[in-house]
Amino acid sequence: MLEVDFNRKYHACWAIVPQPYFSLICIHSFKLLIIVVLRRGLEVFDSGDTLGRVSTMAQTSRGGLLERLATGPVIGDGSFVVTLERRGYVEAGPWTPEAVVQYPDAVRQLHRDFLRAGADVMQTFTFYSSDDKLQFAGHLKEVKDSINCRTLNEAACDLARGVADEGAALVAGGFSPVPGYAEKGRAYVIGEFHKQLDVFKGKRVDFLLGEFFGNVEEAEWSIEVMRQSDLPVACTMRIGPAGDLDGVTQEECAIRMAKAGAAVVGVNCFYDPFIALDTVTRMKNALDKAGLFVYLMIQPMAWHSPEIRNDQRGYSVLPEFPFAMEPRLLTRAEVARFARQAYHMGIRYIGGCCGFEPYHIRAIAEELAEERGFRPPGKDKHSGFESLKKSVSEYQRPRLVVKHLYSPYLFEKQ
């Protein structure tokens with residue numbers, strides 16, 4: 001605890017502030033001062049300073065995943081395999097992450113793009129990085145010395161940590177399904193998860209995240225392994241209203257993940273945000289009824305997909321996938337609406353998966369800037385419709401008057 005006596009300068013104000021959090025204290029001539037306590041000491045800003053002036057310190061003082069979730073929304077990052085495939089660094093089909101060793105600058109830049117957009121989490125690019133998946137994709141036969149589970153996971157951790165430390169983001173060690181699940185059984189799958197866990201523990205990631213599971217049983221196995229560390233555990237599944245691939249309902253999936261020990265549960269990928277919101281709503285109701293408290297998480301795909309709502313195979317059945325999905329892409333306005341709805345229903349970890357570009361994540365961060373207490377780092381080049389005041393076009397400036405017709409995605413917050 002840090003005790004600060006402001007009697008001499010600010011008239012009868014005494015603050016006891018637990019590091020490393022910040023408190024808001026009303027003092028002296030009805031002004032609001034922002035007291036930010038960091039490990040290096042105390043700094044005070046007058047209310048005339050904008051959110052942007054204190055955003056860096058606010059972020060560095062927010063603690064780990066569970067501490068952040070307890071005080072406000074956490075913004076996840078977005079698409080890696082799909083975005084890097086579009087940029088020429090990932091092969092469609094295998095969707096494996098050898099780019100972390102073959103093209104590390106491309107992966108690093110995408111992390112930085114998400115960080116600048118406002119993401120609180122840098123998830124390691126370790127999707128489909130188990131030896132089982134790499135062997136299935138043919139990589140272990142070709143370059144097994146440089147492309148295997150250990151080398152990819154180590155490189156991915158280093159890239160994520162390097163960028164996370166540039167902006168006080170958290171690093172999530174990511175687990176994903178093992179193709180051998182259906183045929184090789186529990187012991188084999190758990191062994192594959194342990195290979196990743198060993199790396200994540202050695203690289204000191206901030207929390208662990210299992211995602212994209214189609215069967216709740218495999219999700220439970222991943223949670224069992226992740227809990228063998230002392231790190232917070234989150235887990236999401238690629239399910240919609242039809243439940244998992246074995247027909248287990250989304251309600252039961254949520255309950256089973258929570259009982260297995262995940263502190264954060266939810267869905268990711270396969271369905272658009274509004275289908276995903278319906279799924280998490282059912283999860284939330286079931287968890288409440290069962291008396292289980294966990295944080296809720298949502299990271300959907302960024303393509304409209306109403307016709308696959310009740311198809312357990314998700315976007316993989318769309319004829320446009322993966323090379324002609326652009327016409328289905330969500331606008332920033334739609335993403336902002338999704339973020340607001342998610343927050344209002346109590347979801348606190350909000351991000352994106354396939355198709356979610358950095359500008360989509362920026363839409364989430366801007367929409368929830370007031371709840372977070374700061375705007376994203378890229379605020380210097382982003383003021384929404386207000387920017388049109390500077391336009392030379394007489395046809396753009398009038399949109400300032402009718403901006404409410406477009407969306408709730410407004411940027412009057414400073």
# chains A, B, ... in the order shown; residues from 1 in each chain; ligands from 1

call {"tool": "residues_around", "arguments": {"residues": "segment 213-218 of chain A", "least_positions_apart": "3", "cutoff": "7 Å", "atoms": "only C-alpha atoms", "output": "PDB file with N, CA, C and O atoms, in the first residue's frame"}}
result
ATOM      1  N   SER A 176      -4.839 -25.530 -29.387  1.00  0.00           N
ATOM      2  CA  SER A 176      -5.912 -25.772 -30.346  1.00  0.00           C
ATOM      3  C   SER A 176      -6.072 -27.280 -30.539  1.00  0.00           C
ATOM      4  O   SER A 176      -5.259 -28.070 -30.041  1.00  0.00           O
ATOM      5  N   PRO A 177      -7.100 -27.703 -31.287  1.00  0.00           N
ATOM      6  CA  PRO A 177      -7.374 -29.141 -31.399  1.00  0.00           C
ATOM      7  C   PRO A 177      -6.224 -29.953 -31.985  1.00  0.00           C
ATOM      8  O   PRO A 177      -5.449 -29.465 -32.814  1.00  0.00           O
ATOM      9  N   TRP A 221     -10.011 -31.911 -21.771  1.00  0.00           N
ATOM     10  CA  TRP A 221      -8.645 -32.436 -21.671  1.00  0.00           C
ATOM     11  C   TRP A 221      -7.635 -31.292 -21.706  1.00  0.00           C
ATOM     12  O   TRP A 221      -6.643 -31.312 -20.969  1.00  0.00           O
ATOM     13  N   SER A 222      -7.892 -30.317 -22.558  1.00  0.00           N
ATOM     14  CA  SER A 222      -6.958 -29.182 -22.628  1.00  0.00           C
ATOM     15  C   SER A 222      -6.961 -28.402 -21.321  1.00  0.00           C
ATOM     16  O   SER A 222      -5.907 -27.963 -20.838  1.00  0.00           O
ATOM     17  N   THR A 236     -12.358 -21.735 -25.156  1.00  0.00           N
ATOM     18  CA  THR A 236     -13.490 -21.450 -26.029  1.00  0.00           C
ATOM     19  C   THR A 236     -13.668 -22.593 -27.023  1.00  0.00           C
ATOM     20  O   THR A 236     -12.722 -23.322 -27.343  1.00  0.00           O
ATOM     21  N   MET A 237     -14.891 -22.696 -27.535  1.00  0.00           N
ATOM     22  CA  MET A 237     -15.219 -23.734 -28.503  1.00  0.00           C
ATOM     23  C   MET A 237     -15.799 -23.111 -29.768  1.00  0.00           C
ATOM     24  O   MET A 237     -16.373 -22.027 -29.730  1.00  0.00           O
ATOM     25  N   ARG A 238     -15.667 -23.833 -30.882  1.00  0.00           N
ATOM     26  CA  ARG A 238     -16.189 -23.359 -32.161  1.00  0.00           C
ATOM     27  C   ARG A 238     -17.610 -23.895 -32.364  1.00  0.00           C
ATOM     28  O   ARG A 238     -17.919 -24.586 -33.349  1.00  0.00           O
ATOM     29  N   ILE A 239     -18.485 -23.565 -31.466  1.00  0.00           N
ATOM     30  CA  ILE A 239     -19.844 -24.097 -31.508  1.00  0.00           C
ATOM     31  C   ILE A 239     -20.866 -22.983 -31.686  1.00  0.00           C
ATOM     32  O   ILE A 239     -20.613 -21.827 -31.365  1.00  0.00           O
ATOM     33  N   ASP A 244     -21.930 -29.034 -29.895  1.00  0.00           N
ATOM     34  CA  ASP A 244     -20.650 -29.521 -30.405  1.00  0.00           C
ATOM     35  C   ASP A 244     -20.863 -30.651 -31.418  1.00  0.00           C
ATOM     36  O   ASP A 244     -21.998 -31.023 -31.752  1.00  0.00           O
ATOM     37  N   LEU A 245     -19.759 -31.208 -31.908  1.00  0.00           N
ATOM     38  CA  LEU A 245     -19.845 -32.197 -32.980  1.00  0.00           C
ATOM     39  C   LEU A 245     -20.488 -33.503 -32.532  1.00  0.00           C
ATOM     40  O   LEU A 245     -20.908 -34.311 -33.367  1.00  0.00           O
ATOM     41  N   ASP A 246     -20.579 -33.724 -31.232  1.00  0.00           N
ATOM     42  CA  ASP A 246     -21.258 -34.899 -30.705  1.00  0.00           C
ATOM     43  C   ASP A 246     -22.681 -34.599 -30.266  1.00  0.00           C
ATOM     44  O   ASP A 246     -23.356 -35.457 -29.681  1.00  0.00           O
ATOM     45  N   CYS A 253     -21.877 -27.580 -22.682  1.00  0.00           N
ATOM     46  CA  CYS A 253     -20.454 -27.326 -22.946  1.00  0.00           C
ATOM     47  C   CYS A 253     -19.902 -26.284 -21.979  1.00  0.00           C
ATOM     48  O   CYS A 253     -18.803 -26.443 -21.433  1.00  0.00           O
TER      49      CYS A 253
END

call {"tool": "residues_around", "arguments": {"residues": "Thr126 of chain A", "least_positions_apart": "2", "cutoff": "10 Å", "atoms": "only C-alpha atoms", "output": "list in words"}}
result
Phe80, Val81, Thr96, Pro97, Glu98, Val100, Gln123, Thr124, Tyr128, Ser129, Ser130, Cys149, Leu152, Asn153, Glu154, Ala155, Ala156, Cys157, Gly173, Gly174, Phe175, Ser176 and Gln196 of chain A

call {"tool": "select_by_dssp", "arguments": {"residues": "segment 210-391 of chain A", "states": "alpha helix (DSSP H)", "output": "number ranges by chain"}}
result
A: 216-226, 250-260, 273-290, 332-344, 358-367, 369-372

call {"tool": "atom_distance", "arguments": {"atom1": "atom CA of Val205 of chain A", "atom2": "atom CA of Gln250 of chain A"}}
result
29.0 Å

call {"tool": "residues_around", "arguments": {"residues": "Val225 of chain A", "least_positions_apart": "3", "cutoff": "9 Å", "atoms": "only C-alpha atoms", "output": "tab-separated table (two decimals) with N, CA, C and O atoms, in the first residue's frame"}}
result
chain	number	residue	atom	x	y	z
A	190	ILE	N	-3.42	-35.57	-24.65
A	190	ILE	CA	-2.85	-34.89	-23.49
A	190	ILE	C	-1.34	-34.76	-23.62
A	190	ILE	O	-0.75	-33.73	-23.25
A	193	PHE	N	-0.67	-31.80	-25.81
A	193	PHE	CA	-0.88	-30.55	-25.07
A	193	PHE	C	0.28	-30.27	-24.12
A	193	PHE	O	0.69	-29.11	-23.95
A	194	HIS	N	0.82	-31.30	-23.50
A	194	HIS	CA	1.92	-31.11	-22.56
A	194	HIS	C	3.16	-30.54	-23.26
A	194	HIS	O	3.91	-29.76	-22.65
A	197	LEU	N	2.51	-26.93	-23.25
A	197	LEU	CA	2.53	-26.39	-21.90
A	197	LEU	C	3.96	-26.20	-21.40
A	197	LEU	O	4.28	-25.19	-20.77
A	220	GLU	N	-12.15	-30.21	-22.41
A	220	GLU	CA	-11.91	-30.59	-21.02
A	220	GLU	C	-10.50	-31.12	-20.83
A	220	GLU	O	-9.84	-30.81	-19.83
A	221	TRP	N	-10.01	-31.91	-21.77
A	221	TRP	CA	-8.65	-32.44	-21.67
A	221	TRP	C	-7.63	-31.29	-21.71
A	221	TRP	O	-6.64	-31.31	-20.97
A	222	SER	N	-7.89	-30.32	-22.56
A	222	SER	CA	-6.96	-29.18	-22.63
A	222	SER	C	-6.96	-28.40	-21.32
A	222	SER	O	-5.91	-27.96	-20.84
A	228	GLN	N	-2.45	-27.54	-14.86
A	228	GLN	CA	-1.25	-28.02	-14.20
A	228	GLN	C	-0.18	-26.94	-14.09
A	228	GLN	O	0.90	-27.18	-13.55
A	229	SER	N	-0.49	-25.77	-14.60
A	229	SER	CA	0.34	-24.59	-14.36
A	229	SER	C	-0.34	-23.75	-13.29
A	229	SER	O	-1.45	-24.06	-12.84

call {"tool": "select_by_dssp", "arguments": {"residues": "segment 149-346 of chain A", "states": "strand (DSSP E)", "output": "list in words"}}
result
Leu170, Val171, Ala172, Gly173, Gly174, Phe175, Phe207, Leu208, Leu209, Gly210, Glu211, Phe212, Phe213, Val233, Ala234, Cys235, Thr236, Met237, Val264, Val265, Gly266, Val267, Asn268, Tyr295, Leu296, Met297, Ile298 and Gln299 of chain A

call {"tool": "residues_around", "arguments": {"residues": "Glu334 of chain A", "least_positions_apart": "3", "cutoff": "12 Å", "atoms": "only C-alpha atoms", "output": "MDAnalysis selection string"}}
result
chainID A and resid 272:274 302:304 328:331 337:341 356 360:361 363:364 367 406:409

call {"tool": "write_last_selection", "arguments": {"atoms": "N, CA, C and O atoms", "output": "mmCIF file, in the first residue's frame"}}
result
data_model
loop_
_atom_site.group_PDB
_atom_site.id
_atom_site.type_symbol
_atom_site.label_atom_id
_atom_site.label_comp_id
_atom_site.auth_asym_id
_atom_site.auth_seq_id
_atom_site.Cartn_x
_atom_site.Cartn_y
_atom_site.Cartn_z
ATOM 1 N N ASP A 272 -20.735 -15.972 -37.151
ATOM 2 C CA ASP A 272 -20.616 -14.513 -37.074
ATOM 3 C C ASP A 272 -20.952 -14.012 -35.670
ATOM 4 O O ASP A 272 -21.461 -14.771 -34.826
ATOM 5 N N PRO A 273 -20.665 -12.741 -35.392
ATOM 6 C CA PRO A 273 -20.824 -12.234 -34.024
ATOM 7 C C PRO A 273 -22.230 -12.361 -33.459
ATOM 8 O O PRO A 273 -22.394 -12.592 -32.252
ATOM 9 N N PHE A 274 -23.226 -12.253 -34.280
ATOM 10 C CA PHE A 274 -24.582 -12.218 -33.752
ATOM 11 C C PHE A 274 -25.120 -13.618 -33.472
ATOM 12 O O PHE A 274 -25.900 -13.821 -32.543
ATOM 13 N N ALA A 302 -15.445 -12.900 -38.662
ATOM 14 C CA ALA A 302 -15.868 -11.569 -39.114
ATOM 15 C C ALA A 302 -16.659 -11.594 -40.414
ATOM 16 O O ALA A 302 -16.701 -10.611 -41.141
ATOM 17 N N TRP A 303 -17.310 -12.716 -40.701
ATOM 18 C CA TRP A 303 -18.100 -12.828 -41.921
ATOM 19 C C TRP A 303 -19.551 -13.129 -41.582
ATOM 20 O O TRP A 303 -19.843 -14.000 -40.750
ATOM 21 N N HIS A 304 -20.476 -12.431 -42.220
ATOM 22 C CA HIS A 304 -21.896 -12.738 -42.055
ATOM 23 C C HIS A 304 -22.172 -14.165 -42.526
ATOM 24 O O HIS A 304 -21.734 -14.563 -43.607
ATOM 25 N N ARG A 328 -18.785 -10.915 -47.580
ATOM 26 C CA ARG A 328 -19.467 -11.197 -46.317
ATOM 27 C C ARG A 328 -18.877 -10.406 -45.139
ATOM 28 O O ARG A 328 -19.398 -10.490 -44.019
ATOM 29 N N LEU A 329 -17.814 -9.665 -45.360
ATOM 30 C CA LEU A 329 -17.057 -9.076 -44.261
ATOM 31 C C LEU A 329 -17.867 -8.033 -43.496
ATOM 32 O O LEU A 329 -18.588 -7.216 -44.075
ATOM 33 N N LEU A 330 -17.733 -8.062 -42.190
ATOM 34 C CA LEU A 330 -18.393 -7.090 -41.318
ATOM 35 C C LEU A 330 -17.780 -5.704 -41.495
ATOM 36 O O LEU A 330 -16.573 -5.567 -41.702
ATOM 37 N N THR A 331 -18.602 -4.683 -41.372
ATOM 38 C CA THR A 331 -18.089 -3.319 -41.319
ATOM 39 C C THR A 331 -17.653 -2.989 -39.896
ATOM 40 O O THR A 331 -18.013 -3.682 -38.935
ATOM 41 N N ARG A 337 -21.221 -2.379 -32.930
ATOM 42 C CA ARG A 337 -22.522 -2.782 -32.369
ATOM 43 C C ARG A 337 -22.402 -4.115 -31.653
ATOM 44 O O ARG A 337 -22.963 -4.305 -30.553
ATOM 45 N N PHE A 338 -21.678 -5.041 -32.250
ATOM 46 C CA PHE A 338 -21.428 -6.326 -31.592
ATOM 47 C C PHE A 338 -20.737 -6.132 -30.244
ATOM 48 O O PHE A 338 -21.117 -6.742 -29.238
ATOM 49 N N ALA A 339 -19.706 -5.287 -30.207
ATOM 50 C CA ALA A 339 -18.959 -5.062 -28.965
ATOM 51 C C ALA A 339 -19.860 -4.490 -27.881
ATOM 52 O O ALA A 339 -19.796 -4.897 -26.714
ATOM 53 N N ARG A 340 -20.707 -3.551 -28.257
ATOM 54 C CA ARG A 340 -21.614 -2.942 -27.277
ATOM 55 C C ARG A 340 -22.609 -3.968 -26.745
ATOM 56 O O ARG A 340 -22.867 -4.034 -25.533
ATOM 57 N N GLN A 341 -23.159 -4.786 -27.630
ATOM 58 C CA GLN A 341 -24.106 -5.809 -27.186
ATOM 59 C C GLN A 341 -23.424 -6.824 -26.281
ATOM 60 O O GLN A 341 -23.996 -7.254 -25.266
ATOM 61 N N PHE A 356 -11.162 -11.139 -38.629
ATOM 62 C CA PHE A 356 -11.079 -9.916 -37.827
ATOM 63 C C PHE A 356 -9.735 -9.246 -38.065
ATOM 64 O O PHE A 356 -8.710 -9.699 -37.582
ATOM 65 N N HIS A 360 -10.959 -3.895 -37.272
ATOM 66 C CA HIS A 360 -12.118 -4.396 -36.530
ATOM 67 C C HIS A 360 -11.858 -4.329 -35.018
ATOM 68 O O HIS A 360 -12.753 -3.963 -34.233
ATOM 69 N N ILE A 361 -10.657 -4.713 -34.613
ATOM 70 C CA ILE A 361 -10.311 -4.644 -33.189
ATOM 71 C C ILE A 361 -10.309 -3.191 -32.717
ATOM 72 O O ILE A 361 -10.735 -2.888 -31.598
ATOM 73 N N ALA A 363 -12.278 -0.934 -33.785
ATOM 74 C CA ALA A 363 -13.684 -0.590 -33.607
ATOM 75 C C ALA A 363 -14.180 -1.008 -32.224
ATOM 76 O O ALA A 363 -14.939 -0.280 -31.569
ATOM 77 N N ILE A 364 -13.739 -2.185 -31.768
ATOM 78 C CA ILE A 364 -14.117 -2.641 -30.417
ATOM 79 C C ILE A 364 -13.504 -1.734 -29.366
ATOM 80 O O ILE A 364 -14.176 -1.300 -28.421
ATOM 81 N N GLU A 367 -15.197 1.671 -29.308
ATOM 82 C CA GLU A 367 -16.564 1.582 -28.774
ATOM 83 C C GLU A 367 -16.560 1.453 -27.258
ATOM 84 O O GLU A 367 -17.439 1.988 -26.574
ATOM 85 N N TYR A 406 -25.645 6.417 -39.513
ATOM 86 C CA TYR A 406 -24.749 5.379 -39.986
ATOM 87 C C TYR A 406 -24.590 4.250 -38.971
ATOM 88 O O TYR A 406 -24.644 3.098 -39.321
ATOM 89 N N SER A 407 -24.355 4.578 -37.736
ATOM 90 C CA SER A 407 -24.107 3.548 -36.730
ATOM 91 C C SER A 407 -23.864 4.220 -35.388
ATOM 92 O O SER A 407 -23.703 5.431 -35.305
ATOM 93 N N PRO A 408 -23.805 3.393 -34.339
ATOM 94 C CA PRO A 408 -23.399 3.940 -33.038
ATOM 95 C C PRO A 408 -21.888 4.085 -32.932
ATOM 96 O O PRO A 408 -21.361 4.405 -31.872
ATOM 97 N N TYR A 409 -21.165 3.825 -34.012
ATOM 98 C CA TYR A 409 -19.702 3.822 -33.987
ATOM 99 C C TYR A 409 -19.205 5.265 -34.114
ATOM 100 O O TYR A 409 -18.837 5.728 -35.164
#

call {"tool": "residues_around", "arguments": {"residues": "segment 179-185 of chain A", "least_positions_apart": "2", "cutoff": "8 Å", "atoms": "only C-alpha atoms", "output": "list in words"}}
result
Asp132, Lys133, Phe136, Pro177, Ala187, Tyr188, Val189 and Glu218 of chain A

call {"tool": "atom_distance", "arguments": {"atom1": "atom CA of Gly373 of chain A", "atom2": "atom CA of Ala262 of chain A"}}
result
27.3 Å

call {"tool": "atom_distance", "arguments": {"atom1": "atom CA of Asp206 of chain A", "atom2": "atom CA of Val171 of chain A"}}
result
5.2 Å

call {"tool": "residues_around", "arguments": {"residues": "Val107 of chain A", "least_positions_apart": "4", "cutoff": "9 Å", "atoms": "only C-alpha atoms", "output": "number ranges by chain"}}
result
A: 80, 84, 89, 99-100, 103, 111-112, 125, 156, 159-160

call {"tool": "closest_atom_pairs", "arguments": {"of": "segment 63-121 of chain A", "to": "segment 375-385 of chain A", "cutoff": "10 Å", "atoms": "only C-alpha atoms", "output": "CSV"}}
result
residue,atom,partner,partner_atom,distance
A:Asp113,CA,A:Gly378,CA,9.3
A:Phe114,CA,A:Gly378,CA,10.0
A:Leu115,CA,A:Pro377,CA,7.7
A:Arg116,CA,A:Pro377,CA,5.0
A:Ala117,CA,A:Pro376,CA,5.8
A:Gly118,CA,A:Pro376,CA,4.3
A:Ala119,CA,A:Pro376,CA,8.0
A:Asp120,CA,A:Pro376,CA,9.6

call {"tool": "write_last_selection", "arguments": {"atoms": "N, CA and C atoms", "output": "PDB file, in the first residue's frame"}}
result
ATOM      1  N   ASP A 113       0.148  -4.457 -35.269  1.00  0.00           N
ATOM      2  CA  ASP A 113      -1.077  -3.854 -35.792  1.00  0.00           C
ATOM      3  C   ASP A 113      -2.227  -4.016 -34.800  1.00  0.00           C
ATOM      4  N   PHE A 114      -2.327  -5.197 -34.212  1.00  0.00           N
ATOM      5  CA  PHE A 114      -3.383  -5.421 -33.218  1.00  0.00           C
ATOM      6  C   PHE A 114      -3.127  -4.619 -31.943  1.00  0.00           C
ATOM      7  N   LEU A 115      -1.874  -4.511 -31.539  1.00  0.00           N
ATOM      8  CA  LEU A 115      -1.553  -3.725 -30.353  1.00  0.00           C
ATOM      9  C   LEU A 115      -1.939  -2.260 -30.559  1.00  0.00           C
ATOM     10  N   ARG A 116      -1.579  -1.705 -31.703  1.00  0.00           N
ATOM     11  CA  ARG A 116      -1.910  -0.313 -31.990  1.00  0.00           C
ATOM     12  C   ARG A 116      -3.419  -0.106 -32.089  1.00  0.00           C
ATOM     13  N   ALA A 117      -4.125  -1.146 -32.531  1.00  0.00           N
ATOM     14  CA  ALA A 117      -5.580  -1.051 -32.638  1.00  0.00           C
ATOM     15  C   ALA A 117      -6.274  -1.080 -31.285  1.00  0.00           C
ATOM     16  N   GLY A 118      -5.555  -1.512 -30.241  1.00  0.00           N
ATOM     17  CA  GLY A 118      -6.154  -1.501 -28.911  1.00  0.00           C
ATOM     18  C   GLY A 118      -6.251  -2.839 -28.228  1.00  0.00           C
ATOM     19  N   ALA A 119      -5.689  -3.899 -28.804  1.00  0.00           N
ATOM     20  CA  ALA A 119      -5.759  -5.214 -28.176  1.00  0.00           C
ATOM     21  C   ALA A 119      -4.984  -5.230 -26.861  1.00  0.00           C
ATOM     22  N   ASP A 120      -5.569  -5.850 -25.853  1.00  0.00           N
ATOM     23  CA  ASP A 120      -4.919  -6.034 -24.551  1.00  0.00           C
ATOM     24  C   ASP A 120      -4.124  -7.326 -24.492  1.00  0.00           C
TER      25      ASP A 120
END

call {"tool": "residues_around", "arguments": {"residues": "Cys269 of chain A", "least_positions_apart": "6", "cutoff": "8 Å", "atoms": "only C-alpha atoms", "output": "list in words"}}
result
Phe212, Arg238, Gln299, Pro300, Met301, Gly352, Cys353 and Cys354 of chain A

call {"tool": "write_last_selection", "arguments": {"atoms": "C-alpha atoms", "output": "short mmCIF file (atom, residue, chain, number, x, y, z; two decimals), in the first residue's frame"}}
result
data_model
loop_
_atom_site.label_atom_id
_atom_site.label_comp_id
_atom_site.auth_asym_id
_atom_site.auth_seq_id
_atom_site.Cartn_x
_atom_site.Cartn_y
_atom_site.Cartn_z
CA PHE A 212 -11.44 -23.82 -31.55
CA ARG A 238 -16.19 -23.36 -32.16
CA GLN A 299 -14.09 -14.12 -30.37
CA PRO A 300 -16.27 -14.79 -33.43
CA MET A 301 -15.40 -14.77 -37.12
CA GLY A 352 -12.17 -11.69 -32.88
CA CYS A 353 -11.01 -14.70 -34.83
CA CYS A 354 -10.85 -15.47 -38.56
#
